[in-house]
Amino acid sequence: MDRSFYPHFLAISTRWKDNDVYGHVNNVEYYSFFDTVVNDYLIRAGGLDIHGGDVIGLCVESQCTFKQSLSFPGTVDAGLRVARVGNSSVGYEIGLFRSAAAEPAATGRFVHVFVDRADRRPVPVPDQIRAALERITE
């Protein structure tokens, strides 16, 4: 999968603390990049109110396939697309690219379930968020 597979991108700067003793970004940080691109999109394009909204998204599943290492200093271009929108859940596909690279350094999946903030029970994906998700659906 190259860049054309992903309809949305977010540039994320790597940080000094991201590197491990081997001189590359530690694997746990790749999941942080996934979380960042997904939630940035939901907040900016879908109007998700992470501080006071009645509905929040909880990650219930994630997976990463490492292909190349990333490092600091650098920029990660995080590509995002929606694979599936259900009643209360969304499946995302993510590609992490070195700046200007054609092929991803890592690919992954991330699944959100939207829940009521108070009781944590699943709720339908809010209309404004659903509309934003549909704009980047395969």
# chains A, B, ... in the order shown; residues from 1 in each chain; ligands from 1
>>> residues_around(residues="Tyr22 of chain A", least_positions_apart="6", cutoff="12 Å", atoms="only C-alpha atoms", output="compact mmCIF listing (two decimals) with all heavy atoms, in the first residue's frame")
# COMPACT_ATOMS: atom_id res chain seq x y z
N SER A 69 12.36 1.03 10.20
CA SER A 69 12.40 1.82 11.44
C SER A 69 12.25 3.31 11.13
O SER A 69 12.59 3.79 10.06
CB SER A 69 13.70 1.56 12.20
OG SER A 69 14.81 1.93 11.42
N LEU A 70 11.72 4.02 12.11
CA LEU A 70 11.62 5.47 12.11
C LEU A 70 12.59 5.98 13.16
O LEU A 70 13.00 5.21 14.04
CB LEU A 70 10.20 5.92 12.45
CG LEU A 70 9.10 5.47 11.49
CD1 LEU A 70 7.73 5.72 12.10
CD2 LEU A 70 9.24 6.21 10.16
N SER A 71 12.96 7.26 13.10
CA SER A 71 13.88 7.77 14.11
C SER A 71 13.69 9.26 14.33
O SER A 71 13.04 9.94 13.54
CB SER A 71 15.33 7.48 13.71
OG SER A 71 15.64 8.15 12.51
N PHE A 72 14.27 9.74 15.41
CA PHE A 72 14.33 11.16 15.72
C PHE A 72 15.69 11.67 15.26
O PHE A 72 16.68 10.97 15.46
CB PHE A 72 14.18 11.38 17.23
CG PHE A 72 14.41 12.83 17.62
CD1 PHE A 72 13.38 13.74 17.57
CD2 PHE A 72 15.67 13.26 18.01
CE1 PHE A 72 13.60 15.06 17.91
CE2 PHE A 72 15.90 14.58 18.35
CZ PHE A 72 14.86 15.49 18.30
>>> closest_atom_pairs(of="segment 53-108 of chain A", to="segment 1-18 of chain A", cutoff="7 Å", atoms="only C-alpha atoms", output="JSON lines")
{"residue": "A:Phe72", "atom": "CA", "partner": "A:Thr14", "partner_atom": "CA", "distance": 5.4}
{"residue": "A:Pro73", "atom": "CA", "partner": "A:Thr14", "partner_atom": "CA", "distance": 6.0}
{"residue": "A:Gly74", "atom": "CA", "partner": "A:Thr14", "partner_atom": "CA", "distance": 5.5}
{"residue": "A:Thr75", "atom": "CA", "partner": "A:Ser13", "partner_atom": "CA", "distance": 4.4}
{"residue": "A:Val76", "atom": "CA", "partner": "A:Ile12", "partner_atom": "CA", "distance": 5.1}
{"residue": "A:Asp77", "atom": "CA", "partner": "A:Ala11", "partner_atom": "CA", "distance": 4.5}
{"residue": "A:Ala78", "atom": "CA", "partner": "A:Leu10", "partner_atom": "CA", "distance": 5.2}
{"residue": "A:Gly79", "atom": "CA", "partner": "A:Phe9", "partner_atom": "CA", "distance": 4.5}
{"residue": "A:Leu80", "atom": "CA", "partner": "A:His8", "partner_atom": "CA", "distance": 5.2}
{"residue": "A:Arg81", "atom": "CA", "partner": "A:Tyr6", "partner_atom": "CA", "distance": 5.3}
{"residue": "A:Ala102", "atom": "CA", "partner": "A:Asp2", "partner_atom": "CA", "distance": 5.7}
{"residue": "A:Glu103", "atom": "CA", "partner": "A:Asp2", "partner_atom": "CA", "distance": 5.1}
{"residue": "A:Pro104", "atom": "CA", "partner": "A:Asp2", "partner_atom": "CA", "distance": 6.7}
>>> select_by_dssp(residues="segment 41-85 of chain A", states="strand (DSSP E)", output="list in words")
Val55, Ile56, Gly57, Leu58, Cys59, Val60, Glu61, Ser62, Gln63, Cys64, Thr65, Phe66, Thr75, Val76, Asp77, Ala78, Gly79, Leu80, Arg81, Val82, Ala83, Arg84 and Val85 of chain A
>>> write_last_selection(atoms="N, CA and C atoms", output="PDB file, in the first residue's frame")
ATOM      1  N   VAL A  55     -20.410  11.504  24.153  1.00  0.00           N
ATOM      2  CA  VAL A  55     -19.930  10.285  23.492  1.00  0.00           C
ATOM      3  C   VAL A  55     -18.416  10.362  23.348  1.00  0.00           C
ATOM      4  N   ILE A  56     -17.761   9.248  23.628  1.00  0.00           N
ATOM      5  CA  ILE A  56     -16.316   9.134  23.438  1.00  0.00           C
ATOM      6  C   ILE A  56     -16.016   7.842  22.675  1.00  0.00           C
ATOM      7  N   GLY A  57     -14.833   7.784  22.076  1.00  0.00           N
ATOM      8  CA  GLY A  57     -14.411   6.571  21.376  1.00  0.00           C
ATOM      9  C   GLY A  57     -13.361   5.841  22.194  1.00  0.00           C
ATOM     10  N   LEU A  58     -13.544   4.551  22.375  1.00  0.00           N
ATOM     11  CA  LEU A  58     -12.576   3.718  23.087  1.00  0.00           C
ATOM     12  C   LEU A  58     -11.922   2.758  22.111  1.00  0.00           C
ATOM     13  N   CYS A  59     -10.605   2.688  22.148  1.00  0.00           N
ATOM     14  CA  CYS A  59      -9.887   1.733  21.308  1.00  0.00           C
ATOM     15  C   CYS A  59     -10.061   0.344  21.915  1.00  0.00           C
ATOM     16  N   VAL A  60     -10.597  -0.569  21.121  1.00  0.00           N
ATOM     17  CA  VAL A  60     -10.808  -1.937  21.605  1.00  0.00           C
ATOM     18  C   VAL A  60      -9.880  -2.940  20.930  1.00  0.00           C
ATOM     19  N   GLU A  61      -9.202  -2.483  19.869  1.00  0.00           N
ATOM     20  CA  GLU A  61      -8.278  -3.380  19.174  1.00  0.00           C
ATOM     21  C   GLU A  61      -7.297  -2.546  18.365  1.00  0.00           C
ATOM     22  N   SER A  62      -6.045  -2.958  18.366  1.00  0.00           N
ATOM     23  CA  SER A  62      -5.050  -2.320  17.503  1.00  0.00           C
ATOM     24  C   SER A  62      -4.011  -3.362  17.122  1.00  0.00           C
ATOM     25  N   GLN A  63      -3.373  -3.115  15.983  1.00  0.00           N
ATOM     26  CA  GLN A  63      -2.376  -4.050  15.454  1.00  0.00           C
ATOM     27  C   GLN A  63      -1.412  -3.257  14.597  1.00  0.00           C
ATOM     28  N   CYS A  64      -0.136  -3.629  14.616  1.00  0.00           N
ATOM     29  CA  CYS A  64       0.873  -2.934  13.849  1.00  0.00           C
ATOM     30  C   CYS A  64       1.799  -3.940  13.173  1.00  0.00           C
ATOM     31  N   THR A  65       2.115  -3.666  11.913  1.00  0.00           N
ATOM     32  CA  THR A  65       3.105  -4.440  11.176  1.00  0.00           C
ATOM     33  C   THR A  65       4.266  -3.509  10.864  1.00  0.00           C
ATOM     34  N   PHE A  66       5.438  -3.841  11.387  1.00  0.00           N
ATOM     35  CA  PHE A  66       6.634  -3.019  11.208  1.00  0.00           C
ATOM     36  C   PHE A  66       7.354  -3.441   9.932  1.00  0.00           C
ATOM     37  N   THR A  75       9.973  13.407  10.627  1.00  0.00           N
ATOM     38  CA  THR A  75       8.531  13.617  10.552  1.00  0.00           C
ATOM     39  C   THR A  75       7.892  12.333  10.054  1.00  0.00           C
ATOM     40  N   VAL A  76       6.822  11.947  10.712  1.00  0.00           N
ATOM     41  CA  VAL A  76       6.036  10.794  10.299  1.00  0.00           C
ATOM     42  C   VAL A  76       4.787  11.327   9.623  1.00  0.00           C
ATOM     43  N   ASP A  77       4.558  10.923   8.388  1.00  0.00           N
ATOM     44  CA  ASP A  77       3.316  11.242   7.704  1.00  0.00           C
ATOM     45  C   ASP A  77       2.375  10.079   7.967  1.00  0.00           C
ATOM     46  N   ALA A  78       1.369  10.330   8.797  1.00  0.00           N
ATOM     47  CA  ALA A  78       0.424   9.288   9.185  1.00  0.00           C
ATOM     48  C   ALA A  78      -0.782   9.327   8.254  1.00  0.00           C
ATOM     49  N   GLY A  79      -0.934   8.274   7.449  1.00  0.00           N
ATOM     50  CA  GLY A  79      -2.060   8.166   6.530  1.00  0.00           C
ATOM     51  C   GLY A  79      -3.204   7.423   7.200  1.00  0.00           C
ATOM     52  N   LEU A  80      -4.427   7.867   6.906  1.00  0.00           N
ATOM     53  CA  LEU A  80      -5.612   7.299   7.555  1.00  0.00           C
ATOM     54  C   LEU A  80      -6.710   7.069   6.534  1.00  0.00           C
ATOM     55  N   ARG A  81      -7.367   5.929   6.683  1.00  0.00           N
ATOM     56  CA  ARG A  81      -8.589   5.645   5.934  1.00  0.00           C
ATOM     57  C   ARG A  81      -9.497   4.801   6.807  1.00  0.00           C
ATOM     58  N   VAL A  82     -10.772   4.838   6.525  1.00  0.00           N
ATOM     59  CA  VAL A  82     -11.745   4.049   7.261  1.00  0.00           C
ATOM     60  C   VAL A  82     -12.060   2.812   6.447  1.00  0.00           C
ATOM     61  N   ALA A  83     -11.896   1.660   7.058  1.00  0.00           N
ATOM     62  CA  ALA A  83     -12.189   0.392   6.398  1.00  0.00           C
ATOM     63  C   ALA A  83     -13.662   0.001   6.549  1.00  0.00           C
ATOM     64  N   ARG A  84     -14.242   0.363   7.716  1.00  0.00           N
ATOM     65  CA  ARG A  84     -15.626  -0.051   7.990  1.00  0.00           C
ATOM     66  C   ARG A  84     -16.227   0.853   9.048  1.00  0.00           C
ATOM     67  N   VAL A  85     -17.465   1.261   8.815  1.00  0.00           N
ATOM     68  CA  VAL A  85     -18.239   1.980   9.835  1.00  0.00           C
ATOM     69  C   VAL A  85     -19.458   1.134  10.154  1.00  0.00           C
TER      70      VAL A  85
END
>>> closest_residue(among="A:Phe97, A:Phe110, A:Tyr31, A:Tyr92", to="Glu138 of chain A", atoms="only C-alpha atoms")
A:Tyr92
>>> residues_around(residues="segment 38-47 of chain A", least_positions_apart="3", cutoff="6 Å", atoms="only C-alpha atoms", output="MDAnalysis selection string")
chainID A and resid 35 128:129 132
>>> select_by_dssp(residues="chain A", states="alpha helix (DSSP H)", output="VMD selection string")
chain A and resid 27 to 46 127 to 135
